[in-house]
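J.: Contents are mmCIF, C-alpha atoms; file name my_file03.cif:
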data_entry
#
loop_
_atom_site.label_atom_id
_atom_site.label_comp_id
_atom_site.auth_asym_id
_atom_site.auth_seq_id
_atom_site.Cartn_x
_atom_site.Cartn_y
_atom_site.Cartn_z
CA MET A 4 132.82 60.17 137.33
CA SER A 5 134.95 62.94 138.77
CA ILE A 6 138.65 62.67 139.52
CA ALA A 7 137.85 62.22 143.17
CA SER A 8 135.18 59.64 142.52
CA GLY A 9 136.04 56.13 143.57
CA SER A 10 138.60 57.31 146.12
CA ARG A 11 136.42 56.38 149.09
CA GLY A 12 134.90 53.20 150.39
CA ARG A 13 136.04 49.74 151.32
CA HIS A 14 139.11 48.00 149.89
CA LEU A 15 140.72 51.36 148.99
CA THR A 16 144.30 50.16 149.55
CA ARG A 17 143.76 47.04 147.48
CA ARG A 18 142.16 49.04 144.69
CA LEU A 19 145.00 51.56 144.57
CA VAL A 20 147.58 48.76 144.47
CA GLN A 21 145.63 47.07 141.66
CA LEU A 22 145.34 50.31 139.72
CA TYR A 23 149.02 51.20 139.71
CA ALA A 24 150.26 47.60 139.43
CA GLY A 25 147.95 47.10 136.46
CA LEU A 26 148.99 50.29 134.70
CA THR A 27 152.68 49.56 135.27
CA LEU A 28 152.35 45.99 133.98
CA TYR A 29 150.41 47.28 130.97
CA GLY A 30 153.39 49.44 130.07
CA VAL A 31 155.74 46.49 130.60
CA SER A 32 153.59 44.27 128.38
CA SER A 33 153.58 46.87 125.62
CA ALA A 34 157.38 47.07 125.80
CA LEU A 35 157.58 43.27 125.42
CA LEU A 36 155.52 43.52 122.23
CA VAL A 37 157.83 46.25 120.93
CA ARG A 38 160.89 44.08 121.53
CA ALA A 39 159.20 41.04 119.98
CA GLY A 40 158.80 42.99 116.73
CA LEU A 41 155.95 40.78 115.52
CA GLY A 42 153.15 43.32 115.68
CA MET A 43 151.61 45.39 118.43
CA GLU A 44 148.22 46.25 119.89
CA PRO A 45 146.31 48.83 117.76
CA TRP A 46 146.98 52.02 119.74
CA ASN A 47 150.68 51.22 120.09
CA VAL A 48 150.91 50.68 116.34
CA LEU A 49 149.92 54.34 116.11
CA HIS A 50 152.27 55.36 118.93
CA GLN A 51 155.16 53.54 117.30
CA GLY A 52 154.46 55.16 113.93
CA LEU A 53 154.31 58.62 115.51
CA ALA A 54 157.49 57.93 117.49
CA GLY A 55 159.34 57.12 114.28
CA LEU A 56 157.97 60.26 112.66
CA THR A 57 158.72 62.65 115.53
CA GLY A 58 161.84 61.14 117.07
CA LEU A 59 160.15 60.97 120.49
CA THR A 60 160.13 57.79 122.57
CA ILE A 61 157.07 55.59 122.15
CA GLY A 62 156.21 56.04 125.83
CA LEU A 63 156.25 59.82 125.52
CA VAL A 64 154.11 59.62 122.39
CA SER A 65 151.67 57.42 124.34
CA ILE A 66 151.41 60.11 127.02
CA VAL A 67 150.85 62.90 124.47
CA VAL A 68 148.23 60.91 122.55
CA GLY A 69 146.49 59.94 125.79
CA ALA A 70 146.29 63.60 126.82
CA LEU A 71 144.92 64.59 123.39
CA VAL A 72 142.32 61.80 123.53
CA LEU A 73 141.33 63.04 126.97
CA LEU A 74 140.58 66.45 125.44
CA LEU A 75 138.10 64.71 123.13
CA TRP A 76 136.12 63.77 126.24
CA ILE A 77 135.06 67.41 126.66
CA PRO A 78 132.51 67.60 123.81
CA ILE A 79 131.07 64.18 124.67
CA ARG A 80 130.84 65.14 128.36
CA GLN A 81 132.91 62.34 129.82
CA ARG A 82 134.45 62.88 133.25
CA PRO A 83 137.88 61.47 134.12
CA GLY A 84 138.61 59.41 137.19
CA LEU A 85 141.86 58.86 139.06
CA GLY A 86 142.50 55.84 136.87
CA THR A 87 141.98 57.91 133.73
CA VAL A 88 144.60 60.51 134.60
CA SER A 89 147.01 57.89 135.96
CA ASN A 90 146.59 55.87 132.76
CA VAL A 91 147.89 58.76 130.66
CA PHE A 92 151.22 58.94 132.50
CA VAL A 93 151.99 55.60 134.16
CA ILE A 94 151.73 53.36 131.09
CA GLY A 95 154.01 55.54 128.97
CA LEU A 96 156.62 55.89 131.71
CA ALA A 97 156.56 52.14 132.43
CA MET A 98 156.92 51.37 128.73
CA ASP A 99 159.93 53.64 128.25
CA GLY A 100 161.53 52.36 131.46
CA THR A 101 161.15 48.73 130.39
CA LEU A 102 162.46 49.44 126.88
CA ALA A 103 165.54 51.07 128.38
CA LEU A 104 166.32 47.84 130.27
CA LEU A 105 165.12 45.18 127.84
CA PRO A 106 167.21 44.33 124.77
CA ASP A 107 165.71 43.40 121.41
CA GLY A 108 164.67 39.79 120.99
CA HIS A 109 166.86 37.73 118.66
CA GLY A 110 165.62 34.60 116.96
CA LEU A 111 162.04 33.67 116.16
CA VAL A 112 161.61 31.51 119.26
CA VAL A 113 162.66 34.31 121.63
CA ARG A 114 160.58 36.89 119.78
CA GLY A 115 157.56 34.58 119.77
CA ALA A 116 157.94 34.01 123.51
CA LEU A 117 158.13 37.77 124.13
CA MET A 118 155.00 38.25 122.02
CA VAL A 119 152.97 35.62 123.88
CA LEU A 120 154.19 36.84 127.27
CA GLY A 121 153.36 40.43 126.31
CA ILE A 122 149.82 39.56 125.25
CA VAL A 123 149.07 37.47 128.34
CA LEU A 124 150.58 40.10 130.64
CA ASN A 125 148.52 42.77 128.86
CA GLY A 126 145.34 40.84 129.61
CA LEU A 127 146.36 40.44 133.24
CA ALA A 128 147.22 44.14 133.52
CA THR A 129 143.91 45.12 131.94
CA GLY A 130 141.99 43.00 134.43
CA LEU A 131 143.93 44.52 137.34
CA TYR A 132 143.41 48.19 136.55
CA ILE A 133 139.85 47.96 135.22
CA ALA A 134 138.73 45.90 138.23
CA ALA A 135 140.08 48.63 140.53
CA ARG A 136 137.14 50.82 139.38
CA PHE A 137 138.90 54.19 139.28
CA GLY A 138 137.60 55.14 135.84
CA PRO A 139 138.39 54.00 132.29
CA GLY A 140 141.54 54.92 130.40
CA PRO A 141 141.30 57.79 127.90
CA ARG A 142 140.89 55.48 124.91
CA ASP A 143 138.23 53.25 126.49
CA GLY A 144 136.43 56.35 127.75
CA LEU A 145 136.39 57.74 124.21
CA MET A 146 134.81 54.51 123.04
CA THR A 147 132.10 54.43 125.73
CA GLY A 148 131.44 58.16 125.33
CA LEU A 149 130.95 57.87 121.57
CA HIS A 150 128.72 54.87 122.17
CA ARG A 151 126.54 56.96 124.48
CA VAL A 152 126.41 59.99 122.17
CA THR A 153 125.91 58.17 118.85
CA GLY A 154 123.86 55.21 119.97
CA TRP A 155 126.22 52.87 118.10
CA SER A 156 127.01 49.55 119.75
CA ILE A 157 130.17 49.19 121.85
CA ARG A 158 131.43 46.58 119.39
CA LEU A 159 130.92 48.83 116.36
CA THR A 160 132.37 51.89 118.07
CA ARG A 161 135.46 50.02 119.22
CA THR A 162 135.95 48.41 115.81
CA LEU A 163 135.75 51.74 113.97
CA ILE A 164 138.18 53.43 116.36
CA GLU A 165 140.73 50.64 116.32
CA VAL A 166 140.59 50.11 112.55
CA ALA A 167 141.24 53.84 112.10
CA VAL A 168 144.04 53.78 114.67
CA VAL A 169 145.86 50.70 113.36
CA THR A 170 145.53 51.85 109.74
CA SER A 171 146.96 55.26 110.58
CA GLY A 172 149.76 53.70 112.60
CA PHE A 173 150.63 51.25 109.83
CA LEU A 174 150.80 54.04 107.26
CA LEU A 175 153.17 55.91 109.59
CA GLY A 176 155.44 52.89 109.89
CA GLY A 177 154.05 51.16 112.99
CA SER A 178 154.51 47.41 113.40
CA VAL A 179 151.53 45.32 112.28
CA GLY A 180 151.90 41.54 112.19
CA VAL A 181 150.90 38.24 113.69
CA GLY A 182 151.12 39.79 117.15
CA THR A 183 148.47 42.36 116.22
CA LEU A 184 146.11 39.61 115.02
CA LEU A 185 146.78 37.36 118.02
CA TYR A 186 146.21 40.30 120.36
CA ALA A 187 142.88 41.11 118.70
CA LEU A 188 141.70 37.50 119.02
CA SER A 189 142.88 36.81 122.56
CA ILE A 190 142.69 40.05 124.55
CA GLY A 191 138.91 39.79 125.07
CA PRO A 192 138.94 36.33 126.70
CA LEU A 193 142.11 37.16 128.65
CA ALA A 194 140.77 40.47 129.96
CA GLN A 195 137.44 38.84 130.84
CA PHE A 196 139.16 36.11 132.85
CA PHE A 197 141.50 38.44 134.75
CA LEU A 198 138.81 41.07 135.30
CA ARG A 199 136.69 38.49 137.10
CA PHE A 200 139.73 37.06 138.92
CA PHE A 201 140.80 40.46 140.29
CA ALA A 202 137.29 41.82 140.89
CA VAL A 203 137.12 43.88 144.09
CA PRO A 204 133.96 43.21 146.12
CA GLU A 205 131.52 46.11 146.10
CA THR A 206 128.09 46.76 147.49
CA ARG A 207 125.47 46.33 144.78
CA PRO A 208 121.99 44.84 144.69
CA VAL A 209 121.84 41.07 144.52
CA GLY A 210 121.68 39.87 140.93
CA THR A 211 123.09 43.09 139.47
CA ALA A 212 125.43 42.31 136.58
CA VAL A 213 128.13 44.31 134.88
CA THR A 214 126.45 46.35 132.16
CA PRO A 215 127.86 46.77 128.66
CA GLU A 216 127.96 50.55 129.17
CA SER A 217 130.32 50.32 132.14
CA PRO A 218 134.11 50.19 131.68
CA GLU A 219 134.02 46.57 132.86
CA GLY A 220 131.26 45.74 130.39
CA ALA A 221 133.09 47.47 127.57
CA ILE A 222 136.26 45.50 128.16
CA LEU A 223 134.31 42.24 128.14
CA ARG A 224 133.08 43.11 124.65
CA ARG A 225 136.55 43.63 123.11
#
Please express the file's structure as structure tokens.
T.:
Amino acid sequence: MSIASGSRGRHLTRRLVQLYAGLTLYGVSSALLVRAGLGMEPWNVLHQGLAGLTGLTIGLVSIVVGALVLLLWIPIRQRPGLGTVSNVFVIGLAMDGTLALLPDGHGLVVRGALMVLGIVLNGLATGLYIAARFGPGPRDGLMTGLHRVTGWSIRLTRTLIEVAVVTSGFLLGGSVGVGTLLYALSIGPLAQFFLRFFAVPETRPVGTAVTPESPEGAILRR
């Protein structure tokens, strides 16, 4: 889809609110996982490792990595949407803003609560912004684009990307722990539930289902 694609039609105001609320909450949820210190989602393991290496904030690293991933769309002929470009900037800014206000968690109970809240909020945020249908984020678009070009399954493509990302992040000093494992096990069901809960009605033939190749289908197969 083009950047302008998805900007017309019914429910536009609702979709825009969902998009930016979802992206903002995604950044907040990532900050909660940082403060919990019990392990992060795969891409933020990499962002955290790079932040420690470069001295940049983790939110700024997220923006830079998102922009670089977006460049990888060119050879696989993916087209960004409004949600794609917004994803690059809003999540990183929201993460840095939340980290500036939120102190570190002290004590295992507090850190565990921050971890669980971060994971649940991440699933909610994912459902919000994906259901808005303004295009996938750079990282999900890379996954679906490689799936289309290589013919590999969504599951295999996602697994290979995230194993490479979390391994690289861990070697750079990113936080891998019980939170990373719990995120991997729970984000699929959580995203599936919230994606259906926040689904915006659209005109489509009766009986048409979400396909695995769509952003919505890809997120259901996490």
J.: Kindly indicate which residue among A:Thr60, A:Ser33, A:Ala24, A:Val119 lies nearest to A:Pro45, using all atoms listed in the file for the distances.
T.: A:Ser33
J.: Provide the atom CA of A:Leu149 to atom CA of A:Val179 distance in Å, to one decimal place.
T.: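 Atom-to-atom, atom CA of A:Leu149 and atom CA of A:Val179 are spaced 25.8 Å apart.
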J.: Would you kindly translate the PyMOL selection byres ((chain A and resi 40) around 10) into the concrete residues it picks from this file, as number ranges by chain?
T.: A: 35-39, 41-43, 107-109, 111, 114-115, 117-118, 178-182
J.: Applying 12 Å and all atoms listed in the file, which residues near A:Val72 remain after dropping the ones on its own chain fewer than 5 positions away? List them as an NGL selection string.
T.: :A and (46 or 65-67 or 77-79 or 81 or 83 or 87-88 or 90-91 or 140-146 or 148 or 164)
J.: Give as an mmCIF file with C-alpha atoms, keeping the file's coordinate frame the residues that the PyMOL selection byres ((chain A and resi 94) around 12) matches when applied to the coordinates above.
T.:
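And here's result-v8.cif as it stands now:
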data_model
loop_
_atom_site.group_PDB
_atom_site.id
_atom_site.type_symbol
_atom_site.label_atom_id
_atom_site.label_comp_id
_atom_site.auth_asym_id
_atom_site.auth_seq_id
_atom_site.Cartn_x
_atom_site.Cartn_y
_atom_site.Cartn_z
ATOM 1 C CA LEU A 22 145.340 50.310 139.720
ATOM 2 C CA TYR A 23 149.020 51.200 139.710
ATOM 3 C CA ALA A 24 150.260 47.600 139.430
ATOM 4 C CA GLY A 25 147.950 47.100 136.460
ATOM 5 C CA LEU A 26 148.990 50.290 134.700
ATOM 6 C CA THR A 27 152.680 49.560 135.270
ATOM 7 C CA LEU A 28 152.350 45.990 133.980
ATOM 8 C CA TYR A 29 150.410 47.280 130.970
ATOM 9 C CA GLY A 30 153.390 49.440 130.070
ATOM 10 C CA VAL A 31 155.740 46.490 130.600
ATOM 11 C CA SER A 32 153.590 44.270 128.380
ATOM 12 C CA SER A 33 153.580 46.870 125.620
ATOM 13 C CA ALA A 34 157.380 47.070 125.800
ATOM 14 C CA ASN A 47 150.680 51.220 120.090
ATOM 15 C CA ILE A 61 157.070 55.590 122.150
ATOM 16 C CA GLY A 62 156.210 56.040 125.830
ATOM 17 C CA LEU A 63 156.250 59.820 125.520
ATOM 18 C CA VAL A 64 154.110 59.620 122.390
ATOM 19 C CA SER A 65 151.670 57.420 124.340
ATOM 20 C CA ILE A 66 151.410 60.110 127.020
ATOM 21 C CA VAL A 67 150.850 62.900 124.470
ATOM 22 C CA VAL A 68 148.230 60.910 122.550
ATOM 23 C CA GLY A 69 146.490 59.940 125.790
ATOM 24 C CA GLY A 86 142.500 55.840 136.870
ATOM 25 C CA THR A 87 141.980 57.910 133.730
ATOM 26 C CA VAL A 88 144.600 60.510 134.600
ATOM 27 C CA SER A 89 147.010 57.890 135.960
ATOM 28 C CA ASN A 90 146.590 55.870 132.760
ATOM 29 C CA VAL A 91 147.890 58.760 130.660
ATOM 30 C CA PHE A 92 151.220 58.940 132.500
ATOM 31 C CA VAL A 93 151.990 55.600 134.160
ATOM 32 C CA GLY A 95 154.010 55.540 128.970
ATOM 33 C CA LEU A 96 156.620 55.890 131.710
ATOM 34 C CA ALA A 97 156.560 52.140 132.430
ATOM 35 C CA MET A 98 156.920 51.370 128.730
ATOM 36 C CA ASP A 99 159.930 53.640 128.250
ATOM 37 C CA GLY A 100 161.530 52.360 131.460
ATOM 38 C CA THR A 101 161.150 48.730 130.390
ATOM 39 C CA ASN A 125 148.520 42.770 128.860
ATOM 40 C CA ALA A 128 147.220 44.140 133.520
ATOM 41 C CA THR A 129 143.910 45.120 131.940
ATOM 42 C CA TYR A 132 143.410 48.190 136.550
ATOM 43 C CA GLY A 140 141.540 54.920 130.400
ATOM 44 C CA PRO A 141 141.300 57.790 127.900
#
J.: Which residues would end up in the selection if the PyMOL selection byres ((chain A and resi 137) around 6) were applied here, given that I need the answer as a PyMOL selection string?
T.: chain A and resi 9+84-86+135-136+138
J.: Under the rule that only C-alpha atoms are counted, which of A:Leu193, A:Ile133, A:Ala187, A:Leu74 is the nearest residue to A:Glu165?
T.: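 Smallest distance to A:Glu165 is found for A:Ala187.
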J.: Nearest residue to A:Gln195 out of A:Leu174, A:Ala54, A:Val123, A:Leu49, using all atoms listed in the file?
T.: A:Val123
J.: Using Å and a single decimal, report how far atom CA of A:Phe200 sits from atom CA of A:Gly121.
T.: 18.9 Å
J.: Provide the atom CA of A:Ile190 to atom CA of A:Ile122 distance in Å, to one decimal place.
T.: 7.2 Å
J.: Given the choices A:Ala70, A:Leu19, A:Val48, A:Leu124, which gets closest to A:Leu175 if the distance is worked out from all atoms listed in the file?
T.: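 Of A:Ala70, A:Leu19, A:Val48, A:Leu124, the one nearest A:Leu175, counting all atoms listed in the file, is A:Val48.
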J.: Counting only C-alpha atoms, which of A:Leu188, A:Val20, A:Leu53, A:Val152 gets nearest to A:Val169?
T.: A:Leu53
J.: Kindly extract all protein, DNA and RNA residues lying within 6 Å of the coordinates (144.1, 43.3, 140.7) given in the file, considering only C-alpha atoms, and supply them as a ChimeraX atom specification.
T.: /A:21,131,201
J.: Quick one: what's the axis-aligned box for stretch 91-97 of chain A, all listed atoms, 3 Å on every side, centre and edges in Å to one decimal, as AutoDock Vina command-line options?
T.:
--center_x 152.3 --center_y 55.5 --center_z 131.6 --size_x 14.7 --size_y 12.8 --size_z 11.2
J.: Which is closest to A:Trp76 among A:Ser156, A:Thr147, A:Thr170, A:Thr183, if we use all atoms listed in the file?
T.: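 For A:Trp76, the nearest of the candidates is A:Thr147.
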